[in-house]
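Structure file data23.txt (compact mmCIF, C-alpha atoms) is printed below.
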```
# COMPACT_ATOMS: atom_id res chain seq x y z
CA MET A 1 0.00 0.00 0.00
CA ILE A 2 2.84 2.39 0.90
CA SER A 3 4.72 1.69 -2.33
CA ASP A 4 1.50 2.35 -4.33
CA TYR A 5 1.11 5.64 -2.47
CA LEU A 6 4.73 6.61 -3.23
CA GLU A 7 4.17 5.77 -6.91
CA ARG A 8 1.11 8.02 -6.99
CA LEU A 9 2.99 10.84 -5.27
CA ALA A 10 5.89 10.53 -7.75
CA ARG A 11 3.42 10.61 -10.66
CA GLU A 12 1.74 13.74 -9.31
CA LEU A 13 5.16 15.39 -8.91
CA ALA A 14 6.26 14.41 -12.44
CA PHE A 15 6.35 18.13 -13.40
CA ASP A 16 9.71 18.25 -11.54
CA PRO A 17 11.49 14.85 -11.84
CA ALA A 18 14.31 15.75 -9.39
CA LEU A 19 11.76 16.83 -6.77
CA ALA A 20 9.72 13.66 -7.40
CA ARG A 21 12.78 11.45 -6.73
CA ARG A 22 13.75 13.35 -3.61
CA MET A 23 10.24 13.41 -2.14
CA ARG A 24 9.76 9.72 -2.82
CA ARG A 25 12.76 8.92 -0.60
CA GLU A 26 11.87 11.47 2.04
CA VAL A 27 8.21 10.51 2.30
CA GLU A 28 9.05 6.80 2.31
CA ASP A 29 11.19 7.33 5.42
CA HIS A 30 8.35 9.32 7.03
CA LEU A 31 5.70 6.68 6.31
CA LEU A 32 7.87 3.79 7.47
CA GLU A 33 8.74 5.58 10.68
CA ALA A 34 5.08 6.38 11.30
CA LEU A 35 4.26 2.72 10.67
CA GLU A 36 6.91 1.59 13.15
CA SER A 37 5.38 3.88 15.79
CA ASP A 38 1.94 2.33 15.28
CA ALA A 39 1.44 -0.33 17.94
CA SER A 40 -1.35 -2.11 16.07
CA ASP A 41 -0.88 -5.77 15.04
CA ASP A 42 -3.01 -5.27 11.95
CA ARG A 43 -0.39 -3.98 9.53
CA LEU A 44 -2.85 -3.26 6.72
CA GLU A 45 -5.03 -1.16 9.00
CA ALA A 46 -1.95 0.63 10.36
CA GLU A 47 -0.79 1.47 6.82
CA ARG A 48 -4.26 2.82 6.03
CA ARG A 49 -4.13 5.05 9.13
CA VAL A 50 -0.62 6.30 8.35
CA LEU A 51 -1.56 7.19 4.75
CA ALA A 52 -4.81 8.86 5.82
CA ARG A 53 -2.85 11.03 8.27
CA PHE A 54 -0.32 11.94 5.59
CA GLY A 55 -2.90 13.32 3.15
CA SER A 56 -3.69 13.06 -0.54
CA PRO A 57 -0.74 12.91 -2.98
CA ARG A 58 -2.51 15.37 -5.28
CA ALA A 59 -3.01 17.96 -2.52
CA ILE A 60 0.66 17.69 -1.51
CA ALA A 61 1.81 17.89 -5.15
CA SER A 62 -0.38 20.96 -5.66
CA GLN A 63 1.42 22.75 -2.80
CA PHE A 64 4.78 21.78 -4.26
CA ALA A 65 3.71 22.96 -7.73
CA ALA A 66 2.83 26.42 -6.41
CA GLY A 67 6.20 26.88 -4.70
CA SER A 68 8.27 25.26 -7.42
CA LEU A 69 6.67 27.23 -10.28
CA ALA A 70 6.83 30.48 -8.33
CA ALA A 71 10.59 30.04 -7.77
CA LEU A 72 11.16 29.06 -11.39
CA ALA A 73 9.11 31.99 -12.73
CA ARG A 74 11.06 34.44 -10.56
CA ARG A 75 14.35 33.01 -11.83
CA VAL A 76 13.15 33.26 -15.45
CA GLY A 77 11.99 36.85 -14.91
CA PHE A 78 15.32 37.88 -13.44
CA ALA A 79 17.27 35.96 -16.11
CA ALA A 80 15.27 37.67 -18.88
CA VAL A 81 16.25 41.14 -17.67
CA LEU A 82 19.86 40.05 -17.09
CA LEU A 83 20.24 38.43 -20.54
CA ILE A 84 18.72 41.42 -22.34
CA GLY A 85 21.14 43.62 -20.39
CA ALA A 86 24.00 41.37 -21.50
CA VAL A 87 22.90 41.71 -25.15
CA PHE A 88 22.94 45.51 -24.72
CA VAL A 89 26.49 45.45 -23.32
CA VAL A 90 27.68 43.20 -26.15
CA MET A 91 26.04 45.47 -28.76
CA LYS A 92 27.75 48.52 -27.29
CA ALA A 93 31.08 46.68 -27.15
CA ARG A 94 30.78 45.79 -30.85
CA ILE A 95 30.00 49.38 -31.78
CA ALA A 96 33.02 50.51 -29.73
CA TRP A 97 35.14 47.96 -31.56
CA TYR A 98 34.04 49.38 -34.93
CA GLY A 99 35.39 52.71 -33.63
CA VAL A 100 38.79 51.14 -33.03
CA MET A 101 38.85 48.93 -36.14
CA PRO A 102 36.65 50.75 -38.68
CA VAL A 103 34.78 48.49 -41.11
CA PRO A 104 32.87 51.04 -43.23
CA LEU A 105 29.52 50.16 -44.76
CA ALA A 106 29.27 50.08 -48.55
CA ASN A 107 27.28 53.11 -49.79
CA GLU A 108 24.59 50.99 -51.47
CA MET A 109 23.96 49.26 -48.13
CA ARG A 110 23.44 52.40 -46.05
CA ALA A 111 19.67 52.77 -46.62
CA LEU A 112 19.05 49.11 -45.82
CA ALA A 113 21.30 49.34 -42.74
CA GLU A 114 19.31 52.36 -41.47
CA LEU A 115 16.06 50.42 -41.76
CA VAL A 116 17.48 47.34 -40.02
CA LEU A 117 18.97 49.56 -37.30
CA SER A 118 15.60 51.15 -36.51
CA ILE A 119 13.99 47.67 -36.30
CA ASP A 120 16.88 46.63 -34.04
CA ARG A 121 16.32 49.56 -31.65
CA TRP A 122 12.55 49.11 -31.41
CA ALA A 123 12.89 45.38 -30.89
CA PHE A 124 15.49 45.86 -28.16
CA TRP A 125 13.45 48.37 -26.16
CA LEU A 126 10.32 46.26 -26.57
CA ALA A 127 12.21 43.20 -25.29
CA LEU A 128 13.54 45.12 -22.29
CA LEU A 129 10.16 46.65 -21.47
CA ALA A 130 8.30 43.31 -21.70
CA ALA A 131 10.95 41.48 -19.64
CA ALA A 132 11.03 44.17 -16.93
CA ALA A 133 7.21 44.25 -16.78
CA GLY A 134 7.15 40.44 -16.50
CA TRP A 135 9.76 40.40 -13.75
CA VAL A 136 8.06 43.12 -11.71
CA TYR A 137 4.67 41.43 -12.22
CA ILE A 138 5.72 37.95 -11.05
CA ASP A 139 7.96 39.25 -8.27
CA SER A 140 5.12 41.26 -6.78
CA ARG A 141 2.75 38.25 -6.67
CA ARG A 142 2.71 36.25 -3.45
CA PRO A 143 2.82 32.53 -4.28
CA PRO A 144 -0.27 30.81 -2.84
CA GLU A 145 -0.16 27.76 -0.58
CA ASP A 146 -1.80 25.65 -3.33
CA PHE A 147 -1.57 25.76 -7.12
CA THR A 148 -4.76 27.78 -7.51
CA ARG A 149 -6.54 28.76 -10.69
CA GLU A 150 -5.73 32.42 -9.98
CA TYR A 151 -2.00 31.71 -9.70
CA ARG A 152 -2.11 29.68 -12.93
CA LYS A 153 -3.65 32.72 -14.64
CA GLN A 154 -0.88 34.91 -13.24
CA LEU A 155 1.75 32.50 -14.59
CA ARG A 156 0.07 32.65 -17.99
CA ARG A 157 0.23 36.44 -18.02
CA PHE A 158 3.90 36.28 -17.01
CA SER A 159 4.60 33.70 -19.75
CA ALA A 160 2.92 35.97 -22.31
CA LEU A 161 5.13 38.90 -21.27
CA CYS A 162 8.25 36.71 -21.35
CA SER A 163 7.29 35.28 -24.73
CA ALA A 164 6.91 38.83 -26.07
CA ALA A 165 10.33 39.70 -24.62
CA THR A 166 11.92 36.58 -26.14
CA ALA A 167 10.35 37.19 -29.56
CA ALA A 168 11.46 40.83 -29.53
CA LEU A 169 14.96 39.80 -28.43
CA ALA A 170 15.11 37.27 -31.29
CA VAL A 171 14.19 40.05 -33.77
CA CYS A 172 16.82 42.32 -32.19
CA VAL A 173 19.54 39.65 -32.43
CA ALA A 174 18.52 38.81 -36.02
CA ALA A 175 18.74 42.52 -36.89
CA ASP A 176 22.17 42.70 -35.24
CA ALA A 177 23.28 39.66 -37.25
CA ALA A 178 22.02 41.30 -40.45
CA LEU A 179 23.85 44.55 -39.63
CA THR A 180 27.05 42.65 -38.86
CA LEU A 181 26.80 40.74 -42.14
CA LEU A 182 26.10 43.95 -44.10
CA ARG A 183 29.23 45.46 -42.60
CA LEU A 184 31.53 42.46 -42.97
CA THR A 185 30.35 41.25 -46.39
CA GLY A 186 32.59 42.60 -49.07
CA ALA A 187 35.20 43.89 -46.62
CA GLN A 188 38.70 42.42 -46.65
CA TRP A 189 38.89 39.58 -44.08
CA SER A 190 40.99 40.44 -41.03
CA VAL A 191 41.57 39.08 -37.54
CA GLY A 192 39.54 42.05 -36.29
CA PHE A 193 36.37 40.31 -37.62
CA VAL A 194 36.65 37.82 -34.78
CA VAL A 195 35.34 40.38 -32.27
CA PRO A 196 32.02 41.18 -34.05
CA LEU A 197 31.50 37.50 -34.89
CA PHE A 198 32.20 36.48 -31.28
CA SER A 199 29.85 39.19 -29.99
CA MET A 200 27.12 37.84 -32.30
CA ALA A 201 27.70 34.36 -30.89
CA ILE A 202 27.17 35.75 -27.36
CA GLU A 203 23.95 37.49 -28.42
CA LEU A 204 22.65 34.28 -30.01
CA ALA A 205 23.55 32.33 -26.85
CA CYS A 206 21.67 34.88 -24.67
CA ALA A 207 18.54 34.68 -26.85
CA GLY A 208 18.78 30.87 -26.94
CA ALA A 209 19.18 30.63 -23.15
CA LEU A 210 16.14 32.84 -22.56
CA ALA A 211 14.02 30.81 -25.01
CA SER A 212 15.18 27.58 -23.38
CA TRP A 213 14.36 28.72 -19.79
CA LEU A 214 10.99 30.06 -20.86
CA HIS A 215 10.25 26.77 -22.59
CA ALA A 216 11.25 24.82 -19.45
CA MET A 217 8.92 26.95 -17.32
CA VAL A 218 5.97 26.61 -19.71
CA ARG A 219 6.55 22.83 -19.92
CA GLN A 220 6.68 22.52 -16.12
CA ALA A 221 3.50 24.62 -15.75
CA SER A 222 1.65 22.50 -18.31
CA ARG A 223 2.78 19.27 -16.59
CA ALA A 224 1.43 20.63 -13.29
CA ALA A 225 -1.78 21.97 -14.85
CA HIS A 226 -3.85 18.98 -13.67
CA LEU A 227 -3.09 19.97 -10.06
CA SER A 228 -5.13 23.17 -10.26
CA PRO A 229 -8.82 23.61 -11.16
CA ALA A 230 -9.46 24.10 -14.91
CA LEU A 231 -9.15 27.68 -16.18
CA MET B 1 -7.59 25.05 14.79
CA GLU B 2 -9.13 25.61 11.32
CA GLY B 3 -6.97 24.24 8.50
CA GLU B 4 -7.11 27.41 6.39
CA MET B 5 -6.20 29.61 9.38
CA LEU B 6 -3.30 27.29 10.14
CA LYS B 7 -1.99 27.26 6.57
CA GLY B 8 -1.18 30.96 6.73
CA HIS B 9 1.12 30.37 9.70
CA LEU B 10 2.79 27.12 8.65
CA ASP B 11 6.16 28.70 7.90
CA MET B 12 6.32 30.17 11.41
CA ILE B 13 5.14 26.91 13.00
CA VAL B 14 7.80 24.85 11.17
CA LEU B 15 10.54 27.36 12.03
CA ALA B 16 9.47 27.25 15.68
CA ALA B 17 9.43 23.43 15.68
CA LEU B 18 13.01 23.42 14.40
CA ALA B 19 14.24 26.00 16.92
CA PRO B 20 15.43 23.35 19.46
CA GLY B 21 17.68 21.70 16.88
CA PRO B 22 17.94 19.71 13.64
CA ALA B 23 15.12 17.26 12.85
CA HIS B 24 13.67 15.28 9.94
CA GLY B 25 10.12 15.71 8.60
CA TYR B 26 8.49 13.10 10.84
CA ALA B 27 10.16 14.52 13.96
CA VAL B 28 9.04 18.05 12.98
CA ILE B 29 5.43 16.86 12.78
CA GLU B 30 5.73 15.07 16.11
CA GLU B 31 7.24 18.17 17.72
CA ILE B 32 4.39 20.33 16.40
CA LYS B 33 1.79 17.87 17.74
CA ARG B 34 3.53 17.65 21.10
CA ARG B 35 4.00 21.39 21.61
CA SER B 36 0.52 22.29 20.39
CA ALA B 37 -0.98 19.51 22.53
CA GLY B 38 -2.69 18.17 19.40
CA GLY B 39 -4.25 21.57 18.65
CA PHE B 40 -2.95 21.67 15.09
CA ASP B 41 -4.61 19.02 12.99
CA LEU B 42 -3.15 19.12 9.49
CA PRO B 43 -2.34 16.31 7.06
CA GLU B 44 1.26 15.34 7.86
CA GLY B 45 2.31 15.62 4.22
CA THR B 46 1.60 19.37 4.30
CA ILE B 47 4.88 19.84 6.15
CA TYR B 48 7.08 18.80 3.20
CA PRO B 49 6.19 21.60 0.75
CA VAL B 50 6.83 24.02 3.64
CA LEU B 51 10.22 22.47 4.48
CA HIS B 52 11.16 22.58 0.80
CA ARG B 53 10.04 26.20 0.40
CA LEU B 54 11.90 27.34 3.53
CA GLU B 55 15.02 25.52 2.36
CA GLN B 56 14.80 27.21 -1.05
CA ALA B 57 14.41 30.56 0.70
CA GLY B 58 17.60 29.90 2.69
CA LEU B 59 15.83 29.83 6.06
CA LEU B 60 16.56 26.12 6.52
CA ALA B 61 19.50 23.95 5.54
CA GLY B 62 18.84 20.31 4.70
CA ARG B 63 21.23 17.34 4.51
CA TRP B 64 20.86 13.60 3.98
CA VAL B 65 21.93 11.36 6.87
CA THR B 66 21.68 7.63 7.56
CA ALA B 67 19.29 6.84 10.41
CA ASP B 68 19.78 4.01 12.92
CA SER B 69 17.26 2.04 10.87
CA GLY B 70 19.71 2.24 7.95
CA ARG B 71 17.28 4.40 5.93
CA ARG B 72 18.43 7.65 4.35
CA ARG B 73 16.57 10.65 5.69
CA ARG B 74 16.73 14.39 5.21
CA VAL B 75 17.44 16.43 8.30
CA TYR B 76 16.67 20.15 8.45
CA GLU B 77 18.04 22.89 10.66
CA LEU B 78 17.58 26.63 10.97
CA THR B 79 20.15 28.80 9.24
CA ARG B 80 21.19 32.18 10.66
CA ARG B 81 18.61 33.77 8.35
CA GLY B 82 16.05 31.29 9.61
CA GLU B 83 16.80 32.19 13.23
CA ARG B 84 16.42 35.88 12.43
CA ALA B 85 13.18 35.25 10.51
CA LEU B 86 11.78 33.27 13.44
CA ALA B 87 12.67 36.04 15.91
CA GLU B 88 11.00 38.63 13.67
CA ARG B 89 7.86 36.54 13.22
CA ARG B 90 7.68 35.84 16.94
CA ALA B 91 7.78 39.58 17.66
CA VAL B 92 5.12 40.36 15.04
CA TRP B 93 2.93 37.52 16.34
CA LYS B 94 3.20 38.75 19.94
CA GLN B 95 2.24 42.27 18.89
CA PHE B 96 -0.71 40.93 16.88
CA SER B 97 -1.80 38.55 19.63
CA ASP B 98 -1.62 41.31 22.29
CA ALA B 99 -3.65 43.65 20.08
CA ILE B 100 -6.35 41.02 19.44
CA GLY B 101 -6.34 40.12 23.14
CA SER B 102 -6.95 43.77 24.08
CA LEU B 103 -9.68 44.01 21.47
CA PHE B 104 -11.50 40.96 22.84
CA LYS B 105 -11.07 41.99 26.46
CA GLY B 106 -14.47 42.61 27.98
CA THR B 107 -16.43 41.50 24.90
CA GLY B 108 -17.39 38.10 26.32
CA ARG B 109 -20.92 37.81 27.74
CA ASN B 110 -21.19 37.22 31.44
CA PRO B 111 -23.12 34.10 32.35
CA ALA B 112 -26.60 34.96 33.68
```
Rewrite the structure of this file - the entire thing - as structure tokens.
Amino acid sequence: MISDYLERLARELAFDPALARRMRREVEDHLLEALESDASDDRLEAERRVLARFGSPRAIASQFAAGSLAALARRVGFAAVLLIGAVFVVMKARIAWYGVMPVPLANEMRALAELVLSIDRWAFWLALLAAAAGWVYIDSRRPPEDFTREYRKQLRRFSALCSAATAALAVCVAADAALTLLRLTGAQWSVGFVVPLFSMAIELACAGALASWLHAMVRQASRAAHLSPAL
Amino acid sequence: MEGEMLKGHLDMIVLAALAPGPAHGYAVIEEIKRRSAGGFDLPEGTIYPVLHRLEQAGLLAGRWVTADSGRRRRVYELTRRGERALAERRAVWKQFSDAIGSLFKGTGRNPA
């Protein structure tokens, strides 16, 4: 009976496999100790009593889901602002590098570069604004004791803001890549090209990391969705 | 005590139960039952999300040990931050309790 209970608990906690493994071990120790303290000769009845006192696996998993998703969402919110800040620093560093090692744009590319640059700026500020709004929003929400419908709605709003930030950051990085290509294409290859290319790799890594964390959070929230009432 | 009323104070209750020293989940529950004289009636499993949350917040530190039974168990203890948090919550609770006590003073009906 206890092993069936532990299986059910692990299934309910499947939204976080590491937590499910840990809780399985921890709860097993608790239940066995409670069973040892039960003086009854009827082991089956004692197991029933111990499990009834412990509570429903779904209710316990729902409390874990609330705390786990709240912590993850706060980390994602903070990471989004940090990564967009890192992209800004890298962009500025690349521009500074062009000052030291000038790679002039071809005249016929200037109009196109202006257009891409304005898209780049708008996309960057939109990404920063959406990420900051998301971070402030989720950080100011008190995580509930259980994974309530209201908190699930709040996580959805936060995910929407983060998705907007990620999409805008992807546009910004793509625009940066286009600008870098416009500048480097046709120019004589030099070792100095390594810096803009490396900076682009960092920008791509930042955008990729944000998309990956956001995806992990959305996946965890959808795996835990059955623990809260339907929206 | 009502379950919902209790839920709002679980963090403080768990911190207080761990104040005497390190303990594992089952011992924390037993300590709460003993010190509340059975007044707090919550499903025992409720304690684990709280322990996990407090550990994540840095108020508790957890470590795996091997019990006499040979089973692995996780033992929790208050960190410095946890001790400070408990002292703060104790002060706030006393203030709140005194205020409610003053408010209720004299409102009970005298038996006829």
What does the structure give for the distance between atom CA of B:Glu83 and atom CA of B:Ala19, in Å to one decimal?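 Between atom CA of B:Glu83 and atom CA of B:Ala19 the gap works out to 7.6 Å.
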Using only C-alpha atoms, can you list as a PyMOL selection string the residues within 7 Å of (8.1, 8.4, -9.6)? chain A and resi 7+10-11+14+20-21
Please build the interface table for chain A against chain B with a cut-off of 7 Å, listing for each qualifying residue the nearest atom pair and the distance in Å to one decimal; count only C-alpha atoms, order rows by chain and increasing number, and write it as CSV.
```
residue,atom,partner,partner_atom,distance
A:Glu26,CA,B:Arg73,CA,6.0
A:Asp29,CA,B:Arg73,CA,6.3
A:His30,CA,B:Tyr26,CA,5.4
A:Arg53,CA,B:Pro43,CA,5.4
A:Phe54,CA,B:Glu44,CA,4.4
A:Gly55,CA,B:Pro43,CA,5.0
A:Ile60,CA,B:Thr46,CA,6.1
A:Gln63,CA,B:Pro49,CA,6.1
A:Phe64,CA,B:Pro49,CA,5.2
A:Gly67,CA,B:Arg53,CA,6.4
```
Enclosing box along x, y and z for every listed atom of stretch 16-25 of chain A, padded 3 Å each side, centre and size in Å, one decimal, as lines of an AutoDock Vina configuration file:
```
center_x = 12.0
center_y = 13.6
center_z = -6.2
size_x = 10.6
size_y = 15.3
size_z = 17.2
```
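Of note, atom CA of A:Gly186 and atom CA of A:Val89 are spaced 26.6 Å apart.
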